[in-house]
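Some notes on the structure that comes next.
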Amino acid sequence: QVQLVESGGGLVQAGGSLRLSCVASGSIFSINGMGWYRQAPGKQRELVAVITSAGRVNYGDSVKGRFTISRDNAKNRVDLQMNSLKPEDTAVYYCKMWSPYVEVWGQGTLVTVSS
């Protein structure tokens with residue numbers, strides 16, 4: 001069984017920065033990719049950023065140029081550096097990991113950006 005542990009959420013003022021981290025543990029045989037999605041109140045979950053084991057990256061349009069995803073394959077860890085945060089970035093951020101066998105979601109971490 002695979003578990004994802006997220007950290008780094010919190011409250012920040014608009015224009016500020018936060019860094020989210022997610023570590024996968026458990027029966028990990030192979031990871032194809034890891035990344036982040038978010039869900040704001042009353043909205044659907046949306047892509048923030050994902051990175052494959054080969055280093056291919058995909059960002060959601062609303063965060064391009066402000067957020068940077070990075071990954072440590074040896075530690076099964078993915079980080080999300082969030083800069084120039086806006087109130088509309090407020091959401092619960094979920095880590096996701098996928099492999100040839102399973103897709104796993106973290107419990108979510110709340111990011112609140114005040115204006």
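Convention: chains lettered A, B, ... in structure tokens order; per-chain residue numbering from 1; ligands numbered from 1 as shown.
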Within 12 Å of A:Val113, counting only C-alpha atoms, which residues show up once you throw out same-chain ones fewer than 6 positions away? Write them as a list in words, please.
Gly9, Gly10, Leu11, Val12, Gln13, Ala14, Gly15, Gly16, Ser17, Leu18, Ala40, Met82, Asn83, Ser84, Leu85, Lys86, Pro87, Glu88, Asp89, Thr90, Ala91 and Val92 of chain A
Given the selection you just returned, output its residues as a file containing N, CA and C atoms, formatted as a PDB file, in the first residue's frame.
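The resulting part18.pdb:
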ATOM      1  N   GLY A   9       1.441  23.613   3.441  1.00  0.00           N
ATOM      2  CA  GLY A   9       0.344  24.554   3.236  1.00  0.00           C
ATOM      3  C   GLY A   9       0.280  25.577   4.347  1.00  0.00           C
ATOM      4  N   GLY A  10      -0.585  26.575   4.162  1.00  0.00           N
ATOM      5  CA  GLY A  10      -0.739  27.600   5.186  1.00  0.00           C
ATOM      6  C   GLY A  10      -1.342  28.861   4.635  1.00  0.00           C
ATOM      7  N   LEU A  11      -1.203  29.923   5.416  1.00  0.00           N
ATOM      8  CA  LEU A  11      -1.756  31.226   5.071  1.00  0.00           C
ATOM      9  C   LEU A  11      -0.630  32.164   4.635  1.00  0.00           C
ATOM     10  N   VAL A  12      -0.840  32.839   3.527  1.00  0.00           N
ATOM     11  CA  VAL A  12       0.173  33.771   3.012  1.00  0.00           C
ATOM     12  C   VAL A  12      -0.534  34.957   2.375  1.00  0.00           C
ATOM     13  N   GLN A  13       0.118  36.086   2.374  1.00  0.00           N
ATOM     14  CA  GLN A  13      -0.451  37.261   1.728  1.00  0.00           C
ATOM     15  C   GLN A  13      -0.219  37.206   0.217  1.00  0.00           C
ATOM     16  N   ALA A  14      -1.076  37.883  -0.492  1.00  0.00           N
ATOM     17  CA  ALA A  14      -0.926  37.959  -1.944  1.00  0.00           C
ATOM     18  C   ALA A  14       0.470  38.488  -2.296  1.00  0.00           C
ATOM     19  N   GLY A  15       1.074  37.850  -3.295  1.00  0.00           N
ATOM     20  CA  GLY A  15       2.433  38.213  -3.684  1.00  0.00           C
ATOM     21  C   GLY A  15       3.501  37.391  -2.987  1.00  0.00           C
ATOM     22  N   GLY A  16       3.101  36.648  -1.991  1.00  0.00           N
ATOM     23  CA  GLY A  16       4.049  35.852  -1.236  1.00  0.00           C
ATOM     24  C   GLY A  16       4.315  34.501  -1.870  1.00  0.00           C
ATOM     25  N   SER A  17       5.070  33.679  -1.134  1.00  0.00           N
ATOM     26  CA  SER A  17       5.482  32.368  -1.638  1.00  0.00           C
ATOM     27  C   SER A  17       5.224  31.285  -0.599  1.00  0.00           C
ATOM     28  N   LEU A  18       5.001  30.083  -1.097  1.00  0.00           N
ATOM     29  CA  LEU A  18       4.914  28.881  -0.272  1.00  0.00           C
ATOM     30  C   LEU A  18       5.542  27.736  -1.032  1.00  0.00           C
ATOM     31  N   ALA A  40     -10.722  24.363  -5.306  1.00  0.00           N
ATOM     32  CA  ALA A  40     -11.248  25.507  -4.567  1.00  0.00           C
ATOM     33  C   ALA A  40     -12.713  25.251  -4.225  1.00  0.00           C
ATOM     34  N   MET A  82       5.697  27.808  -5.034  1.00  0.00           N
ATOM     35  CA  MET A  82       4.637  28.696  -5.487  1.00  0.00           C
ATOM     36  C   MET A  82       5.028  30.126  -5.167  1.00  0.00           C
ATOM     37  N   ASN A  83       5.212  30.922  -6.204  1.00  0.00           N
ATOM     38  CA  ASN A  83       5.587  32.324  -6.060  1.00  0.00           C
ATOM     39  C   ASN A  83       4.484  33.224  -6.596  1.00  0.00           C
ATOM     40  N   SER A  84       4.551  34.481  -6.226  1.00  0.00           N
ATOM     41  CA  SER A  84       3.569  35.479  -6.702  1.00  0.00           C
ATOM     42  C   SER A  84       2.146  34.972  -6.505  1.00  0.00           C
ATOM     43  N   LEU A  85       1.877  34.479  -5.327  1.00  0.00           N
ATOM     44  CA  LEU A  85       0.567  33.887  -5.054  1.00  0.00           C
ATOM     45  C   LEU A  85      -0.540  34.933  -5.116  1.00  0.00           C
ATOM     46  N   LYS A  86      -1.689  34.482  -5.584  1.00  0.00           N
ATOM     47  CA  LYS A  86      -2.863  35.334  -5.738  1.00  0.00           C
ATOM     48  C   LYS A  86      -4.008  34.763  -4.889  1.00  0.00           C
ATOM     49  N   PRO A  87      -4.967  35.597  -4.509  1.00  0.00           N
ATOM     50  CA  PRO A  87      -6.112  35.070  -3.751  1.00  0.00           C
ATOM     51  C   PRO A  87      -6.814  33.915  -4.473  1.00  0.00           C
ATOM     52  N   GLU A  88      -6.818  33.943  -5.790  1.00  0.00           N
ATOM     53  CA  GLU A  88      -7.482  32.873  -6.537  1.00  0.00           C
ATOM     54  C   GLU A  88      -6.706  31.555  -6.511  1.00  0.00           C
ATOM     55  N   ASP A  89      -5.512  31.550  -5.932  1.00  0.00           N
ATOM     56  CA  ASP A  89      -4.778  30.317  -5.725  1.00  0.00           C
ATOM     57  C   ASP A  89      -5.249  29.582  -4.464  1.00  0.00           C
ATOM     58  N   THR A  90      -6.105  30.220  -3.706  1.00  0.00           N
ATOM     59  CA  THR A  90      -6.624  29.595  -2.490  1.00  0.00           C
ATOM     60  C   THR A  90      -7.381  28.319  -2.837  1.00  0.00           C
ATOM     61  N   ALA A  91      -6.980  27.218  -2.214  1.00  0.00           N
ATOM     62  CA  ALA A  91      -7.579  25.911  -2.514  1.00  0.00           C
ATOM     63  C   ALA A  91      -6.945  24.855  -1.614  1.00  0.00           C
ATOM     64  N   VAL A  92      -7.539  23.687  -1.642  1.00  0.00           N
ATOM     65  CA  VAL A  92      -6.878  22.514  -1.070  1.00  0.00           C
ATOM     66  C   VAL A  92      -6.029  21.894  -2.176  1.00  0.00           C
TER      67      VAL A  92
END
Report as number ranges by chain all protein, DNA and RNA residues lying within 9 Å of A:Val102, evaluated on only C-alpha atoms, omitting residues in the same chain fewer than 4 positions from it.
A: 2, 97-98
Go ahead and save the residues from that selection, with N, CA, C and O atoms, as an mmCIF file, in the first residue's frame.
data_model
loop_
_atom_site.group_PDB
_atom_site.id
_atom_site.type_symbol
_atom_site.label_atom_id
_atom_site.label_comp_id
_atom_site.auth_asym_id
_atom_site.auth_seq_id
_atom_site.Cartn_x
_atom_site.Cartn_y
_atom_site.Cartn_z
ATOM 1 N N VAL A 2 0.509 2.215 -0.811
ATOM 2 C CA VAL A 2 1.285 3.448 -0.944
ATOM 3 C C VAL A 2 0.564 4.571 -0.217
ATOM 4 O O VAL A 2 -0.660 4.699 -0.301
ATOM 5 N N MET A 97 0.148 10.505 -7.158
ATOM 6 C CA MET A 97 1.195 9.660 -7.682
ATOM 7 C C MET A 97 0.558 8.581 -8.544
ATOM 8 O O MET A 97 -0.496 8.072 -8.186
ATOM 9 N N TRP A 98 1.181 8.283 -9.659
ATOM 10 C CA TRP A 98 0.647 7.187 -10.465
ATOM 11 C C TRP A 98 1.779 6.283 -10.955
ATOM 12 O O TRP A 98 2.910 6.719 -11.152
#
Atomic separation - atom CA of A:Gln107 relative to atom CA of A:Val63, Å:
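The value is 21.6 Å.
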List the spatial neighbours of A:Arg56 as a list in words - criterion: any atom at most 12 Å away, only C-alpha atoms, same-chain residues fewer than 3 positions off excluded.
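Here the qualifying residues turn out to be Asn32, Gly33, Met34, Gly35, Ala49, Val50, Ile51, Thr52, Ser53, Tyr59, Ile69, Ser70 and Arg71 of chain A.
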Save out the residues we just selected, C-alpha atoms, as a compact mmCIF listing (two decimals), in the first residue's frame.
# COMPACT_ATOMS: atom_id res chain seq x y z
CA ASN A 32 5.54 7.00 -13.49
CA GLY A 33 4.79 10.46 -12.23
CA MET A 34 3.88 12.70 -9.33
CA GLY A 35 2.26 16.06 -9.12
CA ALA A 49 1.62 20.72 -12.13
CA VAL A 50 2.83 17.19 -12.77
CA ILE A 51 6.24 15.71 -13.51
CA THR A 52 7.06 12.29 -14.90
CA SER A 53 9.94 10.07 -13.88
CA TYR A 59 1.59 23.03 -15.74
CA ILE A 69 7.55 21.65 -9.74
CA SER A 70 10.57 19.53 -8.92
CA ARG A 71 11.12 15.90 -8.07
As an NGL selection string, list the residues of chain A assigned to strand (DSSP E or B) by DSSP on the backbone atoms of this structure.
:A and (2-7 or 10-13 or 18-26 or 33-39 or 46-52 or 57-59 or 67-72 or 77-82 or 91-98 or 103-105 or 109-114)
Taken to one decimal, the atom CA of A:Arg19-atom CA of A:Gly60 distance is 16.9 Å
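One distance worth recording is that between atom CA of A:Lys75 and atom CA of A:Ser62, which is 28.4 Å.
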For A:Thr68, which residue out of A:Thr109, A:Leu20, A:Ile28, A:Pro100 is the nearest one, using only C-alpha atoms?
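Nearest to A:Thr68: A:Leu20.
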Helix (DSSP H, G or I) residues, from DSSP on the backbone, in stretch 2-112 of chain A, as a list in words
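After running DSSP on the backbone, stretch 2-112 of chain A has helix (DSSP H, G or I) at Asp61, Ser62, Val63, Asn73, Ala74, Lys75, Pro87, Glu88 and Asp89 of chain A.
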Rank nothing, just name the residue among A:Gln3, A:Val23, A:Leu80, A:Lys96 nearest to A:Tyr37, using only C-alpha atoms.
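Closest candidate: A:Lys96.
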Go through A:Tyr94, A:Arg38, A:Glu46, A:Ser27 and flag the residue nearest A:Asn76, using only C-alpha atoms for the distances.
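Of A:Tyr94, A:Arg38, A:Glu46, A:Ser27, the one nearest A:Asn76 is A:Ser27, counting only C-alpha atoms.
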